[in-house]
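Note sheet for the following structure.
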Amino acid sequence: MEKCYVGLDVSKEETSICVCNQSGDVLSAARVVTDPDTILRALSKHTGSMQCVVLETGRMANWLYNELCDRGLPMVCIDARQAHAVLSQMHNKTDANDAAMLTELARTGFYRKVEVKSRGAQERRVLLKAREVALKSRVNVENTIRGLLASFGLRLPKHLSTYEQRVHALLRDQQVLSGIVLPLLELRTAALRQAAALTKEMARYAKEDEVCQRLMTIPPSRA
(Lines give C-alpha, C1' and ligand atoms only; values in the text may rest on other atoms or scores of the structure.)
Protein backbone atom coordinates (compact mmCIF):
# COMPACT_ATOMS: atom_id res chain seq x y z
CA MET A 1 0.00 0.00 0.00
CA GLU A 2 1.35 3.42 -0.96
CA LYS A 3 2.47 5.55 1.96
CA CYS A 4 0.69 8.85 2.45
CA TYR A 5 0.98 11.96 4.58
CA VAL A 6 -1.71 14.19 6.03
CA GLY A 7 -1.88 17.88 6.93
CA LEU A 8 -4.62 19.36 9.10
CA ASP A 9 -5.23 23.10 9.13
CA VAL A 10 -7.38 23.44 12.24
CA SER A 11 -9.76 26.24 13.15
CA LYS A 12 -12.47 26.40 15.79
CA GLU A 13 -15.32 25.45 13.46
CA GLU A 14 -13.74 23.63 10.50
CA THR A 15 -10.57 21.73 9.58
CA SER A 16 -9.03 21.57 6.13
CA ILE A 17 -7.51 18.17 5.30
CA CYS A 18 -4.95 17.37 2.62
CA VAL A 19 -3.49 13.92 1.86
CA CYS A 20 -0.51 13.39 -0.43
CA ASN A 21 1.65 10.42 -1.45
CA GLN A 22 5.44 10.01 -1.30
CA SER A 23 5.84 11.87 -4.59
CA GLY A 24 3.91 14.88 -3.28
CA ASP A 25 0.82 14.26 -5.41
CA VAL A 26 -2.42 15.21 -3.69
CA LEU A 27 -4.57 12.14 -3.16
CA SER A 28 -7.54 13.85 -1.53
CA ALA A 29 -8.60 17.12 0.07
CA ALA A 30 -11.58 17.99 2.21
CA ARG A 31 -13.00 20.53 4.61
CA VAL A 32 -14.89 19.09 7.56
CA VAL A 33 -16.22 20.05 10.97
CA THR A 34 -13.51 20.16 13.64
CA ASP A 35 -14.54 16.92 15.29
CA PRO A 36 -12.25 13.87 15.83
CA ASP A 37 -14.74 11.31 14.56
CA THR A 38 -15.58 13.38 11.48
CA ILE A 39 -11.89 13.82 10.66
CA LEU A 40 -11.31 10.10 11.16
CA ARG A 41 -14.11 9.26 8.74
CA ALA A 42 -12.67 11.65 6.17
CA LEU A 43 -9.35 9.80 6.42
CA SER A 44 -10.80 6.28 6.62
CA LYS A 45 -9.63 5.11 3.19
CA HIS A 46 -6.04 6.11 4.04
CA THR A 47 -5.95 4.66 7.57
CA GLY A 48 -3.58 1.79 6.82
CA SER A 49 -1.07 3.83 4.82
CA MET A 50 -0.71 7.06 6.82
CA GLN A 51 2.85 7.73 7.96
CA CYS A 52 2.09 10.85 9.95
CA VAL A 53 -0.67 13.39 10.44
CA VAL A 54 0.62 16.92 11.04
CA LEU A 55 -1.12 19.81 12.75
CA GLU A 56 0.37 22.95 14.26
CA THR A 57 0.21 24.20 17.82
CA GLY A 58 -2.84 26.28 18.67
CA ARG A 59 -5.86 26.55 20.94
CA MET A 60 -7.48 23.35 19.61
CA ALA A 61 -4.24 21.43 19.04
CA ASN A 62 -3.89 19.64 22.42
CA TRP A 63 -7.45 18.38 22.44
CA LEU A 64 -7.51 17.28 18.80
CA TYR A 65 -4.03 15.71 18.98
CA ASN A 66 -4.95 13.52 21.97
CA GLU A 67 -8.35 12.58 20.57
CA LEU A 68 -6.90 11.50 17.22
CA CYS A 69 -4.03 9.65 18.93
CA ASP A 70 -6.62 7.71 20.92
CA ARG A 71 -8.23 6.76 17.60
CA GLY A 72 -4.96 5.31 16.33
CA LEU A 73 -3.71 8.04 14.01
CA PRO A 74 0.08 8.71 13.88
CA MET A 75 -0.13 12.32 15.07
CA VAL A 76 2.66 14.90 15.01
CA CYS A 77 2.27 18.41 16.41
CA ILE A 78 4.68 21.01 15.06
CA ASP A 79 5.74 24.46 16.19
CA ALA A 80 3.28 27.05 14.83
CA ARG A 81 6.05 29.64 14.50
CA GLN A 82 8.01 27.36 12.19
CA ALA A 83 4.88 26.50 10.24
CA HIS A 84 3.99 30.18 9.92
CA ALA A 85 7.42 30.94 8.47
CA VAL A 86 6.73 28.42 5.71
CA LEU A 87 3.03 29.16 5.18
CA SER A 88 3.58 32.92 4.98
CA GLN A 89 5.62 32.43 1.79
CA MET A 90 2.55 31.33 -0.16
CA HIS A 91 1.02 33.97 -2.45
CA ASN A 92 -2.49 32.54 -2.28
CA LYS A 93 -3.00 31.82 1.40
CA THR A 94 -6.15 29.80 2.10
CA ASP A 95 -6.99 27.10 4.62
CA ALA A 96 -6.81 24.47 1.88
CA ASN A 97 -3.37 25.68 0.80
CA ASP A 98 -2.20 25.76 4.41
CA ALA A 99 -3.28 22.13 4.81
CA ALA A 100 -1.41 21.24 1.62
CA MET A 101 1.75 22.92 2.89
CA LEU A 102 1.47 21.11 6.22
CA THR A 103 1.17 17.89 4.25
CA GLU A 104 4.38 18.79 2.44
CA LEU A 105 6.12 19.36 5.78
CA ALA A 106 4.88 15.93 6.89
CA ARG A 107 6.20 14.33 3.69
CA THR A 108 9.65 15.95 3.79
CA GLY A 109 10.09 15.78 7.56
CA PHE A 110 11.01 19.48 7.57
CA TYR A 111 9.44 20.33 10.92
CA ARG A 112 10.21 20.59 14.61
CA LYS A 113 8.03 18.30 16.66
CA VAL A 114 6.70 19.60 19.96
CA GLU A 115 5.49 17.54 22.89
CA VAL A 116 1.79 17.73 23.64
CA LYS A 117 0.58 17.79 27.22
CA SER A 118 -1.53 14.90 28.45
CA ARG A 119 -5.14 15.53 29.41
CA GLY A 120 -4.18 15.35 33.09
CA ALA A 121 -1.49 17.99 32.62
CA GLN A 122 -3.94 20.20 30.73
CA GLU A 123 -6.49 19.86 33.54
CA ARG A 124 -3.91 20.95 36.10
CA ARG A 125 -2.93 23.89 33.93
CA VAL A 126 -6.57 24.95 33.65
CA LEU A 127 -6.90 24.68 37.43
CA LEU A 128 -3.89 26.94 37.97
CA LYS A 129 -5.23 29.45 35.45
CA ALA A 130 -8.70 29.47 37.01
CA ARG A 131 -7.21 30.06 40.47
CA GLU A 132 -5.07 32.87 39.10
CA VAL A 133 -8.16 34.53 37.58
CA ALA A 134 -10.05 34.27 40.88
CA LEU A 135 -7.17 35.84 42.82
CA LYS A 136 -6.73 38.63 40.28
CA SER A 137 -10.47 39.31 40.39
CA ARG A 138 -10.27 39.85 44.14
CA VAL A 139 -7.32 42.23 43.79
CA ASN A 140 -9.02 44.09 40.94
CA VAL A 141 -12.20 44.58 42.97
CA GLU A 142 -10.24 45.80 45.99
CA ASN A 143 -8.34 48.31 43.87
CA THR A 144 -11.60 49.47 42.27
CA ILE A 145 -13.28 49.99 45.65
CA ARG A 146 -10.25 51.84 46.99
CA GLY A 147 -10.14 54.08 43.91
CA LEU A 148 -13.87 54.85 43.96
CA LEU A 149 -13.77 55.81 47.63
CA ALA A 150 -10.60 57.86 47.21
CA SER A 151 -12.35 60.02 44.61
CA PHE A 152 -14.63 61.17 47.47
CA GLY A 153 -11.73 61.69 49.85
CA LEU A 154 -12.55 58.50 51.76
CA ARG A 155 -9.76 56.24 53.02
CA LEU A 156 -10.18 52.78 54.50
CA PRO A 157 -9.54 52.78 58.26
CA LYS A 158 -6.58 50.73 59.39
CA HIS A 159 -7.64 49.91 62.95
CA LEU A 160 -10.18 47.24 61.92
CA SER A 161 -8.98 43.68 61.33
CA THR A 162 -10.78 42.66 58.14
CA TYR A 163 -11.27 44.35 54.78
CA GLU A 164 -15.05 43.94 54.96
CA GLN A 165 -15.18 45.68 58.35
CA ARG A 166 -13.18 48.61 57.02
CA VAL A 167 -15.46 49.08 54.02
CA HIS A 168 -18.66 48.77 56.08
CA ALA A 169 -17.34 51.23 58.67
CA LEU A 170 -16.51 53.77 55.97
CA LEU A 171 -19.90 53.43 54.29
CA ARG A 172 -21.97 53.67 57.46
CA ASP A 173 -23.21 57.18 56.64
CA GLN A 174 -22.81 56.96 52.85
CA GLN A 175 -26.17 55.78 51.56
CA VAL A 176 -25.56 56.42 47.86
CA LEU A 177 -22.03 54.99 47.86
CA SER A 178 -23.21 51.97 49.82
CA GLY A 179 -25.55 50.99 47.01
CA ILE A 180 -22.60 51.15 44.61
CA VAL A 181 -19.74 49.69 46.61
CA LEU A 182 -21.42 46.92 48.61
CA PRO A 183 -22.25 44.85 45.47
CA LEU A 184 -18.55 45.06 44.62
CA LEU A 185 -17.74 43.86 48.12
CA GLU A 186 -20.00 40.84 47.58
CA LEU A 187 -18.16 40.20 44.30
CA ARG A 188 -14.85 40.23 46.20
CA THR A 189 -16.24 37.75 48.74
CA ALA A 190 -17.35 35.42 45.96
CA ALA A 191 -13.92 35.63 44.32
CA LEU A 192 -12.23 34.79 47.62
CA ARG A 193 -14.57 31.84 48.16
CA GLN A 194 -13.91 30.42 44.69
CA ALA A 195 -10.15 31.00 45.02
CA ALA A 196 -10.20 29.04 48.29
CA ALA A 197 -12.09 26.17 46.63
CA LEU A 198 -9.63 26.09 43.74
CA THR A 199 -6.68 26.24 46.13
CA LYS A 200 -8.09 23.25 48.00
CA GLU A 201 -8.42 21.34 44.73
CA MET A 202 -4.85 22.26 43.80
CA ALA A 203 -3.60 20.98 47.17
CA ARG A 204 -5.44 17.72 46.59
CA TYR A 205 -3.70 17.26 43.24
CA ALA A 206 -0.33 18.03 44.82
CA LYS A 207 -0.95 15.51 47.61
CA GLU A 208 -1.69 12.76 45.09
CA ASP A 209 1.21 13.59 42.76
CA GLU A 210 4.52 11.86 43.50
CA VAL A 211 6.62 14.52 41.76
CA CYS A 212 4.93 17.35 43.67
CA GLN A 213 5.50 15.54 46.94
CA ARG A 214 9.16 15.09 46.11
CA LEU A 215 9.58 18.76 45.21
CA MET A 216 7.89 19.82 48.44
CA THR A 217 10.68 18.12 50.43
CA ILE A 218 13.20 20.66 49.13
CA PRO A 219 14.10 23.00 52.01
CA PRO A 220 13.54 26.72 51.38
CA SER A 221 16.62 28.68 50.39
CA ARG A 222 18.10 31.17 52.81
CA ALA A 223 19.43 34.51 51.73
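Chain labels follow the order of the C-alpha coordinates: the first chain is A, the next B, and so on; residue numbering restarts at 1 in every chain, and ligands are counted from 1 in their shown order.
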
Residue set, range 155-186 of chain A restricted to alpha helix (DSSP H), as a list in words:
Tyr163, Glu164, Gln165, Arg166, Val167, His168, Ala169, Leu170, Gln175, Val176, Leu177, Ser178, Gly179, Ile180, Val181, Leu182, Pro183, Leu184, Leu185 and Glu186 of chain A

Please save N, CA, C and O atoms of the selected residues as a PDB file, in the first residue's frame.
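Just written: selection-v1.pdb:
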```
ATOM      1  N   TYR A 163     -10.973  43.410  55.872  1.00  0.00           N
ATOM      2  CA  TYR A 163     -11.274  44.345  54.778  1.00  0.00           C
ATOM      3  C   TYR A 163     -12.756  44.698  54.766  1.00  0.00           C
ATOM      4  O   TYR A 163     -13.130  45.858  54.580  1.00  0.00           O
ATOM      5  N   GLU A 164     -13.616  43.702  54.965  1.00  0.00           N
ATOM      6  CA  GLU A 164     -15.054  43.943  54.963  1.00  0.00           C
ATOM      7  C   GLU A 164     -15.447  44.928  56.061  1.00  0.00           C
ATOM      8  O   GLU A 164     -16.277  45.826  55.842  1.00  0.00           O
ATOM      9  N   GLN A 165     -14.868  44.775  57.244  1.00  0.00           N
ATOM     10  CA  GLN A 165     -15.180  45.680  58.353  1.00  0.00           C
ATOM     11  C   GLN A 165     -14.780  47.111  58.028  1.00  0.00           C
ATOM     12  O   GLN A 165     -15.505  48.058  58.350  1.00  0.00           O
ATOM     13  N   ARG A 166     -13.642  47.264  57.362  1.00  0.00           N
ATOM     14  CA  ARG A 166     -13.176  48.607  57.019  1.00  0.00           C
ATOM     15  C   ARG A 166     -14.119  49.281  56.035  1.00  0.00           C
ATOM     16  O   ARG A 166     -14.448  50.470  56.169  1.00  0.00           O
ATOM     17  N   VAL A 167     -14.558  48.510  55.028  1.00  0.00           N
ATOM     18  CA  VAL A 167     -15.458  49.078  54.019  1.00  0.00           C
ATOM     19  C   VAL A 167     -16.800  49.423  54.637  1.00  0.00           C
ATOM     20  O   VAL A 167     -17.348  50.527  54.420  1.00  0.00           O
ATOM     21  N   HIS A 168     -17.363  48.516  55.453  1.00  0.00           N
ATOM     22  CA  HIS A 168     -18.664  48.774  56.075  1.00  0.00           C
ATOM     23  C   HIS A 168     -18.593  49.981  57.009  1.00  0.00           C
ATOM     24  O   HIS A 168     -19.525  50.797  57.060  1.00  0.00           O
ATOM     25  N   ALA A 169     -17.488  50.101  57.749  1.00  0.00           N
ATOM     26  CA  ALA A 169     -17.340  51.234  58.668  1.00  0.00           C
ATOM     27  C   ALA A 169     -17.301  52.550  57.903  1.00  0.00           C
ATOM     28  O   ALA A 169     -17.874  53.559  58.328  1.00  0.00           O
ATOM     29  N   LEU A 170     -16.649  52.553  56.763  1.00  0.00           N
ATOM     30  CA  LEU A 170     -16.511  53.766  55.971  1.00  0.00           C
ATOM     31  C   LEU A 170     -17.824  54.160  55.301  1.00  0.00           C
ATOM     32  O   LEU A 170     -18.088  55.351  55.068  1.00  0.00           O
ATOM     33  N   GLN A 175     -25.081  56.587  52.112  1.00  0.00           N
ATOM     34  CA  GLN A 175     -26.173  55.785  51.558  1.00  0.00           C
ATOM     35  C   GLN A 175     -26.007  55.531  50.060  1.00  0.00           C
ATOM     36  O   GLN A 175     -26.162  54.404  49.585  1.00  0.00           O
ATOM     37  N   VAL A 176     -25.685  56.570  49.297  1.00  0.00           N
ATOM     38  CA  VAL A 176     -25.559  56.417  47.856  1.00  0.00           C
ATOM     39  C   VAL A 176     -24.372  55.530  47.511  1.00  0.00           C
ATOM     40  O   VAL A 176     -24.472  54.595  46.696  1.00  0.00           O
ATOM     41  N   LEU A 177     -23.227  55.793  48.141  1.00  0.00           N
ATOM     42  CA  LEU A 177     -22.030  54.992  47.865  1.00  0.00           C
ATOM     43  C   LEU A 177     -22.206  53.546  48.309  1.00  0.00           C
ATOM     44  O   LEU A 177     -21.647  52.630  47.692  1.00  0.00           O
ATOM     45  N   SER A 178     -22.978  53.343  49.361  1.00  0.00           N
ATOM     46  CA  SER A 178     -23.212  51.968  49.824  1.00  0.00           C
ATOM     47  C   SER A 178     -23.887  51.125  48.749  1.00  0.00           C
ATOM     48  O   SER A 178     -23.529  49.957  48.536  1.00  0.00           O
ATOM     49  N   GLY A 179     -24.856  51.721  48.060  1.00  0.00           N
ATOM     50  CA  GLY A 179     -25.546  50.990  47.009  1.00  0.00           C
ATOM     51  C   GLY A 179     -24.650  50.652  45.832  1.00  0.00           C
ATOM     52  O   GLY A 179     -24.955  49.753  45.048  1.00  0.00           O
ATOM     53  N   ILE A 180     -23.538  51.391  45.713  1.00  0.00           N
ATOM     54  CA  ILE A 180     -22.604  51.148  44.608  1.00  0.00           C
ATOM     55  C   ILE A 180     -21.490  50.198  45.011  1.00  0.00           C
ATOM     56  O   ILE A 180     -21.132  49.277  44.265  1.00  0.00           O
ATOM     57  N   VAL A 181     -20.945  50.413  46.194  1.00  0.00           N
ATOM     58  CA  VAL A 181     -19.738  49.690  46.607  1.00  0.00           C
ATOM     59  C   VAL A 181     -20.041  48.320  47.211  1.00  0.00           C
ATOM     60  O   VAL A 181     -19.292  47.368  46.995  1.00  0.00           O
ATOM     61  N   LEU A 182     -21.137  48.200  47.943  1.00  0.00           N
ATOM     62  CA  LEU A 182     -21.421  46.922  48.607  1.00  0.00           C
ATOM     63  C   LEU A 182     -21.597  45.759  47.617  1.00  0.00           C
ATOM     64  O   LEU A 182     -21.151  44.643  47.913  1.00  0.00           O
ATOM     65  N   PRO A 183     -22.229  45.951  46.438  1.00  0.00           N
ATOM     66  CA  PRO A 183     -22.249  44.850  45.466  1.00  0.00           C
ATOM     67  C   PRO A 183     -20.846  44.423  45.029  1.00  0.00           C
ATOM     68  O   PRO A 183     -20.597  43.230  44.809  1.00  0.00           O
ATOM     69  N   LEU A 184     -19.937  45.408  44.945  1.00  0.00           N
ATOM     70  CA  LEU A 184     -18.546  45.059  44.615  1.00  0.00           C
ATOM     71  C   LEU A 184     -17.912  44.255  45.744  1.00  0.00           C
ATOM     72  O   LEU A 184     -17.109  43.344  45.505  1.00  0.00           O
ATOM     73  N   LEU A 185     -18.272  44.602  46.979  1.00  0.00           N
ATOM     74  CA  LEU A 185     -17.737  43.862  48.122  1.00  0.00           C
ATOM     75  C   LEU A 185     -18.217  42.412  48.107  1.00  0.00           C
ATOM     76  O   LEU A 185     -17.463  41.487  48.437  1.00  0.00           O
ATOM     77  N   GLU A 186     -19.469  42.213  47.710  1.00  0.00           N
ATOM     78  CA  GLU A 186     -19.996  40.843  47.577  1.00  0.00           C
ATOM     79  C   GLU A 186     -19.263  40.090  46.469  1.00  0.00           C
ATOM     80  O   GLU A 186     -19.003  38.886  46.583  1.00  0.00           O
TER      81      GLU A 186
END
```

Expressed in Å to a single decimal, how great is the separation between CA of Tyr205 in chain A and CA of Arg119 in chain A?
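About the pair CA of Tyr205 in chain A and CA of Arg119 in chain A: they are 14.0 Å apart.
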
For Pro74 in chain A, the nearest of the candidates A:Ala30, A:Leu148, A:Leu55, A:Ser23, counting only C-alpha atoms:
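Ranked by minimum distance to Pro74 in chain A, first place goes to A:Leu55.
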
Correct to one decimal, the distance CA of Gln174 in chain A-CA of Leu154 in chain A is 10.4 Å

Taking into account only C-alpha atoms, which residue in the set A:Ala206, A:Lys158, A:Arg124, A:Leu73 is nearest to Gly48 in chain A?
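Closest candidate: A:Leu73.
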
Using DSSP assignments from the backbone, pull out every residue in range 35-216 of chain A that falls under strand (DSSP E) and give it to me as a list of chain:residue names.
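Strand (DSSP E) members of range 35-216 of chain A, listed: A:Met50, A:Gln51, A:Cys52, A:Val53, A:Val54, A:Leu55, A:Glu56, A:Met75, A:Val76, A:Cys77, A:Ile78.
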
Restrict the selected residues to all heavy atoms and save them as an mmCIF file, in the first residue's frame.
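Output file result-v7.cif is given in full below:
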```
data_model
loop_
_atom_site.group_PDB
_atom_site.id
_atom_site.type_symbol
_atom_site.label_atom_id
_atom_site.label_comp_id
_atom_site.auth_asym_id
_atom_site.auth_seq_id
_atom_site.Cartn_x
_atom_site.Cartn_y
_atom_site.Cartn_z
ATOM 1 N N MET A 50 -1.167 5.775 6.306
ATOM 2 C CA MET A 50 -0.708 7.064 6.817
ATOM 3 C C MET A 50 0.589 6.923 7.604
ATOM 4 O O MET A 50 0.679 6.105 8.523
ATOM 5 C CB MET A 50 -1.788 7.708 7.690
ATOM 6 C CG MET A 50 -2.922 8.314 6.913
ATOM 7 S SD MET A 50 -4.093 9.200 7.973
ATOM 8 C CE MET A 50 -4.882 7.822 8.808
ATOM 9 N N GLN A 51 1.584 7.719 7.244
ATOM 10 C CA GLN A 51 2.854 7.728 7.962
ATOM 11 C C GLN A 51 2.852 8.730 9.109
ATOM 12 O O GLN A 51 3.397 8.478 10.168
ATOM 13 C CB GLN A 51 3.998 8.055 6.997
ATOM 14 C CG GLN A 51 4.174 7.028 5.906
ATOM 15 C CD GLN A 51 4.387 5.636 6.471
ATOM 16 O OE1 GLN A 51 5.389 5.365 7.130
ATOM 17 N NE2 GLN A 51 3.443 4.745 6.213
ATOM 18 N N CYS A 52 2.267 9.887 8.875
ATOM 19 C CA CYS A 52 2.095 10.850 9.954
ATOM 20 C C CYS A 52 1.009 11.858 9.579
ATOM 21 O O CYS A 52 0.762 12.115 8.396
ATOM 22 C CB CYS A 52 3.402 11.563 10.309
ATOM 23 S SG CYS A 52 3.987 12.729 9.089
ATOM 24 N N VAL A 53 0.371 12.386 10.593
ATOM 25 C CA VAL A 53 -0.672 13.395 10.438
ATOM 26 C C VAL A 53 -0.192 14.632 11.192
ATOM 27 O O VAL A 53 -0.008 14.591 12.404
ATOM 28 C CB VAL A 53 -2.021 12.915 11.008
ATOM 29 C CG1 VAL A 53 -3.093 13.986 10.844
ATOM 30 C CG2 VAL A 53 -2.447 11.613 10.346
ATOM 31 N N VAL A 54 0.022 15.723 10.460
ATOM 32 C CA VAL A 54 0.623 16.923 11.038
ATOM 33 C C VAL A 54 -0.435 17.996 11.287
ATOM 34 O O VAL A 54 -1.273 18.262 10.430
ATOM 35 C CB VAL A 54 1.730 17.473 10.113
ATOM 36 C CG1 VAL A 54 2.126 18.891 10.512
ATOM 37 C CG2 VAL A 54 2.946 16.573 10.154
ATOM 38 N N LEU A 55 -0.380 18.589 12.461
ATOM 39 C CA LEU A 55 -1.122 19.807 12.751
ATOM 40 C C LEU A 55 -0.215 20.721 13.550
ATOM 41 O O LEU A 55 0.775 20.258 14.131
ATOM 42 C CB LEU A 55 -2.421 19.533 13.505
ATOM 43 C CG LEU A 55 -2.361 19.199 15.002
ATOM 44 C CD1 LEU A 55 -3.756 19.282 15.596
ATOM 45 C CD2 LEU A 55 -1.783 17.824 15.271
ATOM 46 N N GLU A 56 -0.498 21.998 13.561
ATOM 47 C CA GLU A 56 0.371 22.946 14.265
ATOM 48 C C GLU A 56 -0.215 23.316 15.611
ATOM 49 O O GLU A 56 -1.409 23.163 15.855
ATOM 50 C CB GLU A 56 0.603 24.191 13.411
ATOM 51 C CG GLU A 56 -0.655 24.907 12.977
ATOM 52 C CD GLU A 56 -0.372 26.069 12.048
ATOM 53 O OE1 GLU A 56 0.521 26.877 12.379
ATOM 54 O OE2 GLU A 56 -1.023 26.169 10.995
ATOM 55 N N MET A 75 -0.096 10.872 14.995
ATOM 56 C CA MET A 75 -0.132 12.324 15.071
ATOM 57 C C MET A 75 1.246 12.927 15.347
ATOM 58 O O MET A 75 2.062 12.366 16.077
ATOM 59 C CB MET A 75 -1.092 12.771 16.173
ATOM 60 C CG MET A 75 -2.530 12.317 15.977
ATOM 61 S SD MET A 75 -3.248 12.898 14.424
ATOM 62 C CE MET A 75 -3.130 14.672 14.658
ATOM 63 N N VAL A 76 1.469 14.091 14.752
ATOM 64 C CA VAL A 76 2.656 14.900 15.006
ATOM 65 C C VAL A 76 2.200 16.343 15.131
ATOM 66 O O VAL A 76 1.497 16.852 14.244
ATOM 67 C CB VAL A 76 3.695 14.785 13.873
ATOM 68 C CG1 VAL A 76 4.846 15.762 14.116
ATOM 69 C CG2 VAL A 76 4.222 13.361 13.762
ATOM 70 N N CYS A 77 2.583 17.000 16.222
ATOM 71 C CA CYS A 77 2.269 18.413 16.412
ATOM 72 C C CYS A 77 3.553 19.210 16.207
ATOM 73 O O CYS A 77 4.601 18.875 16.784
ATOM 74 C CB CYS A 77 1.707 18.657 17.818
ATOM 75 S SG CYS A 77 1.072 20.326 18.069
ATOM 76 N N ILE A 78 3.480 20.252 15.378
ATOM 77 C CA ILE A 78 4.680 21.011 15.055
ATOM 78 C C ILE A 78 4.549 22.448 15.553
ATOM 79 O O ILE A 78 3.448 22.937 15.814
ATOM 80 C CB ILE A 78 4.968 21.003 13.537
ATOM 81 C CG1 ILE A 78 3.896 21.778 12.764
ATOM 82 C CG2 ILE A 78 5.056 19.571 13.025
ATOM 83 C CD1 ILE A 78 4.214 21.928 11.300
#
```

Excluding same-chain residues fewer than 5 positions from Thr47 in chain A, what lies within 10 Å of it counting only C-alpha atoms, as a PyMOL selection string?
chain A and resi 4+40-42+72-74
